[in-house]
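A.B. asks: Got a file for you: entry.txt, compact mmCIF, C-alpha atoms.
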```txt
# COMPACT_ATOMS: atom_id res chain seq x y z
CA MET Q 1 276.05 -21.76 -59.71
CA THR Q 2 275.31 -18.10 -59.37
CA PHE Q 3 276.67 -15.29 -61.45
CA VAL Q 4 276.47 -11.60 -60.70
CA PHE Q 5 275.99 -9.16 -63.55
CA GLU Q 6 275.63 -5.45 -63.85
CA VAL Q 7 273.69 -4.00 -66.75
CA LEU Q 8 274.28 -0.39 -67.74
CA VAL Q 9 271.44 1.19 -69.70
CA THR Q 10 271.96 4.53 -71.42
CA LEU Q 11 269.98 6.63 -73.86
CA LYS Q 12 271.07 6.30 -77.48
CA PRO Q 13 273.30 9.12 -78.65
CA GLY Q 14 271.40 11.93 -80.31
CA LEU Q 15 268.30 11.59 -78.15
CA SER Q 16 267.61 14.43 -75.77
CA ASP Q 17 268.69 13.56 -72.23
CA PRO Q 18 266.93 16.07 -69.95
CA GLN Q 19 268.35 14.49 -66.79
CA GLY Q 20 271.90 14.72 -68.12
CA LYS Q 21 271.28 18.35 -69.09
CA ALA Q 22 269.97 19.16 -65.60
CA VAL Q 23 273.04 17.66 -63.96
CA GLU Q 24 275.27 19.45 -66.45
CA GLY Q 25 273.52 22.71 -65.56
CA ALA Q 26 274.07 22.15 -61.84
CA LEU Q 27 277.79 21.37 -61.95
CA PRO Q 28 278.95 24.95 -62.67
CA THR Q 29 277.20 26.13 -59.51
CA LEU Q 30 279.69 23.95 -57.61
CA GLY Q 31 282.59 25.40 -59.54
CA TRP Q 32 282.93 22.83 -62.33
CA SER Q 33 282.40 24.81 -65.48
CA ASN Q 34 284.72 22.46 -67.38
CA VAL Q 35 282.20 19.61 -67.83
CA ARG Q 36 280.24 18.73 -70.97
CA ASP Q 37 278.25 15.79 -72.33
CA VAL Q 38 276.73 14.62 -69.06
CA HIS Q 39 274.41 11.64 -69.46
CA VAL Q 40 272.29 9.86 -66.90
CA GLY Q 41 271.57 6.15 -67.27
CA LYS Q 42 270.51 3.17 -65.21
CA HIS Q 43 272.50 0.57 -63.36
CA ILE Q 44 270.85 -2.79 -62.75
CA ARG Q 45 272.50 -5.53 -60.69
CA LEU Q 46 271.38 -9.13 -61.07
CA THR Q 47 272.30 -12.44 -59.48
CA VAL Q 48 271.54 -15.27 -61.89
CA GLU Q 49 271.48 -18.97 -61.24
CA ALA Q 50 272.66 -20.97 -64.24
CA ASP Q 51 274.73 -23.99 -65.23
CA ASP Q 52 277.60 -21.99 -66.59
CA ASP Q 53 278.78 -18.52 -67.42
CA ALA Q 54 277.78 -18.67 -71.08
CA SER Q 55 274.23 -19.66 -70.26
CA ALA Q 56 273.94 -16.98 -67.57
CA ARG Q 57 275.28 -14.33 -69.89
CA ALA Q 58 272.95 -15.35 -72.72
CA GLN Q 59 269.97 -15.06 -70.39
CA VAL Q 60 271.03 -11.65 -69.12
CA GLU Q 61 271.47 -10.56 -72.72
CA GLU Q 62 267.86 -11.51 -73.41
CA MET Q 63 266.63 -9.82 -70.22
CA ALA Q 64 268.49 -6.67 -71.22
CA SER Q 65 267.01 -6.55 -74.70
CA ARG Q 66 263.46 -7.53 -73.74
CA LEU Q 67 262.87 -5.74 -70.46
CA LEU Q 68 265.79 -3.89 -68.92
CA SER Q 69 266.21 -1.61 -71.92
CA ASN Q 70 263.95 -0.30 -74.66
CA PRO Q 71 265.84 -0.78 -77.95
CA VAL Q 72 263.94 2.15 -79.49
CA ILE Q 73 265.69 4.66 -77.24
CA GLU Q 74 268.36 2.87 -75.24
CA ARG Q 75 271.42 0.70 -75.50
CA TYR Q 76 272.95 -1.50 -72.85
CA ARG Q 77 276.23 -2.95 -71.77
CA ILE Q 78 276.59 -6.07 -69.61
CA LEU Q 79 279.38 -6.41 -67.08
CA GLU Q 80 280.03 -9.50 -65.02
CA THR Q 81 281.25 -8.13 -61.73
CA GLU Q 82 282.10 -11.27 -59.84
CA PRO Q 83 282.42 -14.92 -60.78
CA GLY Q 84 279.66 -15.56 -58.24
CA ASP Q 85 279.70 -17.99 -55.34
CA ARG Q 86 280.63 -21.03 -57.39
CA GLY Q 87 281.84 -22.92 -54.36
CA ALA Q 88 278.73 -22.26 -52.32
CA MET X 89 226.51 -5.36 -80.20
CA THR X 90 223.01 -6.47 -81.02
CA SER X 91 221.79 -3.86 -78.55
CA GLY X 92 223.43 -1.15 -80.62
CA ILE X 93 225.44 -0.01 -77.65
CA PRO X 94 229.17 -0.59 -78.09
CA ARG X 95 230.98 -2.22 -75.19
CA VAL X 96 234.27 -0.46 -74.45
CA GLY X 97 236.76 -2.10 -72.11
CA VAL X 98 239.05 -0.04 -69.88
CA ILE X 99 242.02 -1.85 -68.35
CA THR X 100 243.05 -1.30 -64.76
CA PHE X 101 246.75 -1.94 -64.16
CA PRO X 102 248.32 -1.63 -60.71
CA GLY X 103 248.86 2.13 -60.57
CA SER X 104 246.29 3.16 -63.19
CA LEU X 105 244.66 6.45 -62.17
CA ASP X 106 242.32 7.47 -64.95
CA ASP X 107 240.50 4.20 -65.46
CA ARG X 108 237.41 5.51 -63.63
CA ASP X 109 237.33 8.68 -65.71
CA ALA X 110 237.70 6.65 -68.91
CA LEU X 111 234.85 4.33 -67.90
CA ARG X 112 232.73 7.36 -67.04
CA ALA X 113 233.55 9.07 -70.35
CA VAL X 114 232.46 5.95 -72.25
CA GLU X 115 229.17 5.96 -70.35
CA THR X 116 228.66 9.73 -70.76
CA MET X 117 229.13 9.38 -74.50
CA GLY X 118 226.60 6.55 -74.77
CA GLY X 119 228.73 3.40 -74.65
CA GLU X 120 228.71 0.52 -72.20
CA PRO X 121 231.81 0.69 -70.03
CA VAL X 122 233.45 -2.64 -69.17
CA ALA X 123 236.14 -2.81 -66.51
CA LEU X 124 239.05 -5.06 -67.53
CA TRP X 125 241.71 -6.35 -65.15
CA HIS X 126 245.44 -6.55 -65.83
CA ALA X 127 245.79 -10.13 -64.58
CA ASP X 128 242.93 -11.46 -66.74
CA PRO X 129 243.99 -12.24 -70.32
CA ASP X 130 240.32 -12.27 -71.37
CA ILE X 131 239.00 -8.96 -72.67
CA HIS X 132 235.42 -10.27 -72.42
CA GLY X 133 234.34 -9.68 -75.99
CA VAL X 134 234.49 -5.89 -75.87
CA ASP X 135 234.24 -3.87 -79.08
CA ALA X 136 237.09 -1.48 -78.22
CA VAL X 137 239.83 -1.32 -75.60
CA ILE X 138 241.20 1.69 -73.73
CA LEU X 139 244.50 1.64 -71.83
CA PRO X 140 244.09 4.53 -69.38
CA GLY X 141 246.45 7.03 -67.84
CA GLY X 142 248.27 6.71 -64.55
CA PHE X 143 251.55 5.34 -63.29
CA SER X 144 251.37 1.60 -63.85
CA TYR X 145 253.89 -0.22 -61.65
CA GLY X 146 255.02 3.15 -60.36
CA ASP X 147 256.69 3.93 -63.70
CA TYR X 148 259.54 1.74 -62.44
CA LEU X 149 262.31 0.94 -64.93
CA ARG X 150 260.55 2.92 -67.71
CA THR X 151 256.99 4.14 -68.09
CA GLY X 152 254.87 1.25 -69.31
CA ALA X 153 257.79 -1.19 -69.31
CA ILE X 154 256.31 -3.63 -66.82
CA ALA X 155 252.63 -3.24 -67.67
CA ARG X 156 253.36 -4.42 -71.21
CA PHE X 157 253.92 -7.91 -69.79
CA ALA X 158 250.59 -7.96 -67.93
CA ARG X 159 248.45 -10.97 -68.90
CA VAL X 160 245.68 -8.77 -70.28
CA MET X 161 248.13 -7.57 -72.93
CA ASP X 162 247.88 -11.01 -74.60
CA GLY X 163 244.19 -10.31 -75.15
CA VAL X 164 244.87 -6.75 -76.27
CA ARG X 165 247.52 -7.86 -78.76
CA ALA X 166 245.24 -10.51 -80.27
CA PHE X 167 242.38 -7.98 -80.45
CA ALA X 168 244.63 -5.42 -82.12
CA GLU X 169 245.87 -7.99 -84.62
CA ARG X 170 242.26 -8.71 -85.59
CA GLY X 171 241.87 -5.00 -86.33
CA GLY X 172 240.01 -4.08 -83.13
CA PRO X 173 240.12 -0.44 -82.04
CA VAL X 174 242.64 0.19 -79.24
CA LEU X 175 243.21 3.58 -77.62
CA GLY X 176 246.09 4.32 -75.24
CA ILE X 177 245.90 7.51 -73.21
CA CYS X 178 249.01 8.92 -71.50
CA ASN X 179 250.41 5.95 -69.55
CA GLY X 180 248.34 3.74 -71.87
CA PHE X 181 250.18 5.31 -74.82
CA GLN X 182 253.47 4.56 -73.07
CA VAL X 183 252.42 0.92 -72.55
CA LEU X 184 251.48 0.57 -76.24
CA CYS X 185 254.87 1.98 -77.31
CA GLU X 186 256.72 -0.34 -74.93
CA SER X 187 254.74 -3.32 -76.22
CA GLY X 188 255.64 -2.52 -79.81
CA LEU X 189 251.98 -2.04 -80.80
CA LEU X 190 252.86 1.60 -81.53
CA PRO X 191 256.12 3.04 -82.87
CA GLY X 192 258.48 5.33 -80.97
CA ALA X 193 258.91 5.95 -77.27
CA LEU X 194 258.14 8.55 -74.61
CA ILE X 195 260.87 10.00 -72.43
CA ARG X 196 261.08 12.68 -69.77
CA ASN X 197 259.76 16.11 -70.73
CA ARG X 198 262.45 18.34 -72.13
CA SER X 199 261.75 20.88 -69.38
CA LEU X 200 262.13 18.16 -66.73
CA ARG X 201 258.89 19.51 -65.28
CA PHE X 202 255.59 17.76 -64.88
CA VAL X 203 253.08 19.65 -67.04
CA CYS X 204 249.41 19.88 -66.15
CA ARG X 205 247.39 22.24 -68.31
CA GLU X 206 245.04 22.57 -71.23
CA VAL X 207 246.63 22.33 -74.64
CA HIS X 208 245.46 22.58 -78.21
CA LEU X 209 245.78 19.62 -80.51
CA ARG X 210 245.67 19.68 -84.28
CA VAL X 211 244.09 16.64 -85.87
CA GLU X 212 246.38 15.28 -88.61
CA THR X 213 244.35 12.37 -89.96
CA SER X 214 240.82 11.04 -89.79
CA GLN X 215 242.08 7.51 -90.57
CA THR X 216 241.88 6.21 -86.99
CA PRO X 217 239.03 4.92 -84.84
CA VAL X 218 239.14 8.05 -82.67
CA THR X 219 239.24 10.65 -85.44
CA THR X 220 236.68 9.45 -87.99
CA ASP X 221 234.30 12.25 -86.92
CA LEU X 222 237.08 14.84 -87.24
CA THR X 223 238.67 16.69 -90.14
CA PRO X 224 242.44 17.09 -90.53
CA GLY X 225 243.38 20.60 -89.43
CA GLU X 226 240.67 20.75 -86.77
CA VAL X 227 241.87 22.01 -83.38
CA LEU X 228 240.78 20.39 -80.10
CA ASP X 229 241.04 21.72 -76.55
CA ILE X 230 242.20 18.93 -74.21
CA PRO X 231 244.29 18.77 -71.01
CA VAL X 232 247.71 17.16 -70.60
CA LYS X 233 249.25 16.00 -67.32
CA HIS X 234 252.51 14.12 -67.55
CA GLY X 235 256.17 14.14 -66.67
CA GLU X 236 257.32 11.78 -69.42
CA GLY X 237 255.54 12.75 -72.60
CA GLN X 238 258.35 13.70 -74.93
CA TYR X 239 257.75 11.61 -78.03
CA VAL X 240 260.97 10.41 -79.65
CA GLY X 241 262.07 8.13 -82.43
CA ASP X 242 265.12 7.96 -84.64
CA VAL X 243 265.25 10.21 -87.68
CA ASP X 244 264.34 7.47 -90.17
CA GLU X 245 261.43 6.26 -88.06
CA LEU X 246 260.04 9.79 -87.69
CA ALA X 247 260.34 10.37 -91.44
CA ARG X 248 258.52 7.11 -92.08
CA LEU X 249 255.70 8.01 -89.64
CA GLU X 250 255.28 11.42 -91.25
CA GLY X 251 255.38 9.95 -94.75
CA GLU X 252 252.81 7.28 -94.00
CA GLY X 253 250.40 9.53 -92.16
CA GLN X 254 250.84 7.84 -88.80
CA VAL X 255 250.97 11.11 -86.85
CA VAL X 256 247.44 11.61 -85.50
CA PHE X 257 247.71 14.70 -83.26
CA ARG X 258 250.18 17.55 -82.82
CA TYR X 259 250.42 20.18 -80.10
CA CYS X 260 249.55 23.55 -81.61
CA ALA X 261 248.57 27.16 -80.99
CA PRO X 262 244.81 27.90 -80.75
CA ASP X 263 244.84 28.71 -84.48
CA GLY X 264 246.50 25.41 -85.37
CA THR X 265 250.04 26.73 -85.86
CA ILE X 266 252.71 24.23 -84.85
CA ASP X 267 255.56 25.87 -82.94
CA ALA X 268 257.91 25.21 -80.03
CA ALA X 269 256.04 27.63 -77.77
CA HIS X 270 252.97 25.39 -77.78
CA ASN X 271 254.84 22.10 -77.40
CA PRO X 272 254.53 21.22 -73.69
CA ASN X 273 257.20 18.51 -73.55
CA GLY X 274 259.63 18.86 -76.45
CA SER X 275 258.09 16.06 -78.53
CA ALA X 276 259.67 15.54 -81.94
CA ASN X 277 257.68 17.41 -84.63
CA GLY X 278 255.19 18.40 -81.93
CA ILE X 279 253.77 14.87 -81.96
CA ALA X 280 251.06 14.30 -79.35
CA GLY X 281 249.62 11.08 -80.75
CA VAL X 282 250.38 8.37 -83.32
CA ARG X 283 248.75 5.33 -84.85
CA ASN X 284 250.01 1.97 -86.04
CA ALA X 285 250.40 1.14 -89.73
CA ASP X 286 246.94 -0.45 -89.93
CA GLY X 287 245.39 2.55 -88.20
CA ASN X 288 243.39 0.66 -85.56
CA VAL X 289 245.75 1.28 -82.63
CA VAL X 290 246.12 4.89 -81.45
CA GLY X 291 247.95 6.50 -78.57
CA LEU X 292 248.10 10.06 -77.31
CA MET X 293 249.51 11.83 -74.28
CA PRO X 294 246.63 14.29 -73.70
CA HIS X 295 243.53 13.16 -71.85
CA PRO X 296 240.29 13.10 -73.86
CA GLU X 297 238.55 11.31 -70.96
CA HIS X 298 238.99 14.45 -68.85
CA ALA X 299 237.40 16.57 -71.57
CA VAL X 300 233.88 15.26 -72.14
CA ASP X 301 231.88 17.01 -69.40
CA PRO X 302 231.21 20.74 -69.96
CA ASP X 303 230.65 21.18 -66.22
CA VAL X 304 234.27 20.49 -65.40
CA GLY X 305 236.36 21.78 -68.29
CA PRO X 306 236.91 21.69 -72.03
CA THR X 307 235.02 19.23 -74.19
CA GLY X 308 237.63 18.48 -76.85
CA GLY X 309 237.53 14.80 -75.92
CA GLN X 310 233.89 14.26 -76.86
CA SER X 311 234.52 13.82 -80.57
CA LEU X 312 237.24 11.23 -79.91
CA PHE X 313 234.91 9.11 -77.81
CA ALA X 314 232.05 9.61 -80.27
CA SER X 315 234.29 8.36 -83.10
CA LEU X 316 235.52 5.44 -81.01
CA LEU X 317 231.97 4.36 -80.14
CA THR X 318 230.90 4.53 -83.78
CA GLN X 319 233.90 2.51 -84.89
CA ALA X 320 233.46 0.00 -82.07
CA LEU X 321 229.89 -0.55 -83.16
CA ALA X 322 230.95 -0.96 -86.78
CA GLY X 323 232.82 -4.05 -85.64
CA VAL X 324 236.17 -5.47 -86.47
```
Could I get this file's structure written as structure tokens?
C.D. replies:
Amino acid sequence: MTFVFEVLVTLKPGLSDPQGKAVEGALPTLGWSNVRDVHVGKHIRLTVEADDDASARAQVEEMASRLLSNPVIERYRILETEPGDRGA
Amino acid sequence: MTSGIPRVGVITFPGSLDDRDALRAVETMGGEPVALWHADPDIHGVDAVILPGGFSYGDYLRTGAIARFARVMDGVRAFAERGGPVLGICNGFQVLCESGLLPGALIRNRSLRFVCREVHLRVETSQTPVTTDLTPGEVLDIPVKHGEGQYVGDVDELARLEGEGQVVFRYCAPDGTIDAAHNPNGSANGIAGVRNADGNVVGLMPHPEHAVDPDVGPTGGQSLFASLLTQALAGV
């Protein structure tokens, strides 16, 4: 069976986020001067083949902690977007 | 080593740029340069290893994130664990941080700009294989060229590094003063280079390999290579 996951990787709070700051600085030029705390992260989409959901999720968890994010500076959140093509 | 000429390996990853300069710097300073390949876990009995600058794997995902899983890193890790001298320069520093061989991480410059210029570095400790010939407080003239050189770590980790003398270099004014004006990337505490707890693994963002030939620029890198060659020869 296949399972589709999305992993969101963001910088840990408190670390400087120059990309977020740059976006925040650009928004007022378009008229939005009411925006604060802009942060830029990464979105990674994966299709995993596994026996069941729990196994797929456990593997994605390991991928996220070992490669997709750097635990020194980042944290991640895993979302399962679709049940996958279980019938296929 | 019987010849008295230390053999210094320089790893080429896909996307390394400064491997040739590092090999040349080793040769200029009197060592025997040995080219190492990312896909070969064997480091061929070298006496020291350099991870050079560049953009391994295009800096995809994070700088150094993919290179840390290159097969050669098995050899590097084993060598480092035996106490062998390992130097990471720029992207090589990023790879060592990603691999956990060095503490902390490097993120995008605070200015968001790529910086390419000469900087001054203050030596903070002589307890590393690249600073044995140097005295704490000494100032070196060396170039930087990077977009992601802002050294970060959490507050506790930074305090621990400072307390245990693991900060090796800081960006400074020509007279050695540490201030924000001379910090090219916003690094915490002006940190330009760190070492591991044992002291045999060192990483820095500036490029000593571009600073050994007086014909083409500053020579602040000479003493780092001279120290490394001496330590490599001394053996593990």
A.B. asks: Please find the residues of chain X near chain Q - the criterion being any atom within 8 Å, counting all atoms listed in the file - and write them as a list in words.
C.D. replies: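 Going by the stated atoms only, the list reads Leu149, Ala153, Ile154, Glu186, Gly192, Ala193, Arg196, Asn197, Arg198, Ser199, Leu200, Val240, Gly241 and Asp242 of chain X.
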A.B. asks: Rounded to one decimal, what separation in Å do you get between atom CA of Glu61 of chain Q and atom CA of Glu80 of chain Q?
C.D. replies: 11.6 Å
A.B. asks: Counting all atoms listed in the file, which residue out of X:Ile138, X:Cys204, X:Val122, X:Asp128 sits closest to Phe313 of chain X?
C.D. replies: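 Nearest to Phe313 of chain X: X:Ile138.
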A.B. asks: Just checking: using all atoms listed in the file, which residue out of X:Gly103, X:Pro306, X:Gly152, X:Gly323 ends up closest to Gly133 of chain X?
C.D. replies: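 Looking at the shortest contact to Gly133 of chain X, the residue is X:Gly323.
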A.B. asks: Within 8 Å of Thr10 of chain Q, counting all atoms listed in the file, which residues qualify if same-chain residues fewer than 5 places away don't, as an mmCIF file with C-alpha atoms, in the frame of the given file?
C.D. replies:
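The new file part16.cif reads:
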```cif
data_model
loop_
_atom_site.group_PDB
_atom_site.id
_atom_site.type_symbol
_atom_site.label_atom_id
_atom_site.label_comp_id
_atom_site.auth_asym_id
_atom_site.auth_seq_id
_atom_site.Cartn_x
_atom_site.Cartn_y
_atom_site.Cartn_z
ATOM 1 C CA HIS Q 39 274.410 11.640 -69.460
ATOM 2 C CA VAL Q 40 272.290 9.860 -66.900
ATOM 3 C CA GLY Q 41 271.570 6.150 -67.270
ATOM 4 C CA LYS Q 42 270.510 3.170 -65.210
ATOM 5 C CA GLU Q 74 268.360 2.870 -75.240
ATOM 6 C CA ARG Q 75 271.420 0.700 -75.500
ATOM 7 C CA TYR Q 76 272.950 -1.500 -72.850
#
```
A.B. asks: Just the number, please: distance in Å from atom CA of Gln59 of chain Q to atom CA of Arg159 of chain X, one decimal.
C.D. replies: 22.0 Å
A.B. asks: Just how far from atom CA of Pro217 of chain X is atom CA of Gly308 of chain X, in Å to one decimal?
C.D. replies: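 The value is 15.8 Å.
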A.B. asks: Tell me which of X:Arg210, X:His270, X:Arg170, X:His298 sits closest to Asp106 of chain X, counting all atoms listed in the file.
C.D. replies: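 Selected residue with least distance to Asp106 of chain X: X:His298.
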A.B. asks: May I ask which of the residues Q:Leu30, Q:Ile78, Q:Val23, Q:Leu46 is the closest one to Ser65 of chain Q, counting only C-alpha atoms?
C.D. replies: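 So, comparing all the options, the nearest one is Q:Ile78.
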A.B. asks: What are the nearest atom pairs, with distances in Å to one decimal, for all residues of segment 89-148 of chain X that come at most 10 Å from segment 273-295 of chain X, using only C-alpha atoms, set out by chain and rising residue number as a tab-separated table?
C.D. replies:
```
residue	atom	partner	partner_atom	distance
X:Asp106	CA	X:His295	CA	9.0
X:Asp109	CA	X:His295	CA	9.8
X:Ala110	CA	X:His295	CA	9.2
X:Ala136	CA	X:Asn288	CA	9.9
X:Val137	CA	X:Val289	CA	9.6
X:Ile138	CA	X:Gly291	CA	9.6
X:Leu139	CA	X:Gly291	CA	9.0
X:Pro140	CA	X:His295	CA	9.0
X:Gly141	CA	X:His295	CA	7.9
```
A.B. asks: Which residue, X:Pro191, X:Gly253, X:Gly264, X:Gly119, has the smallest gap to Glu226 of chain X when you use all atoms listed in the file?
C.D. replies: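 Counting all atoms listed in the file, the residue closest to Glu226 of chain X is X:Gly264.
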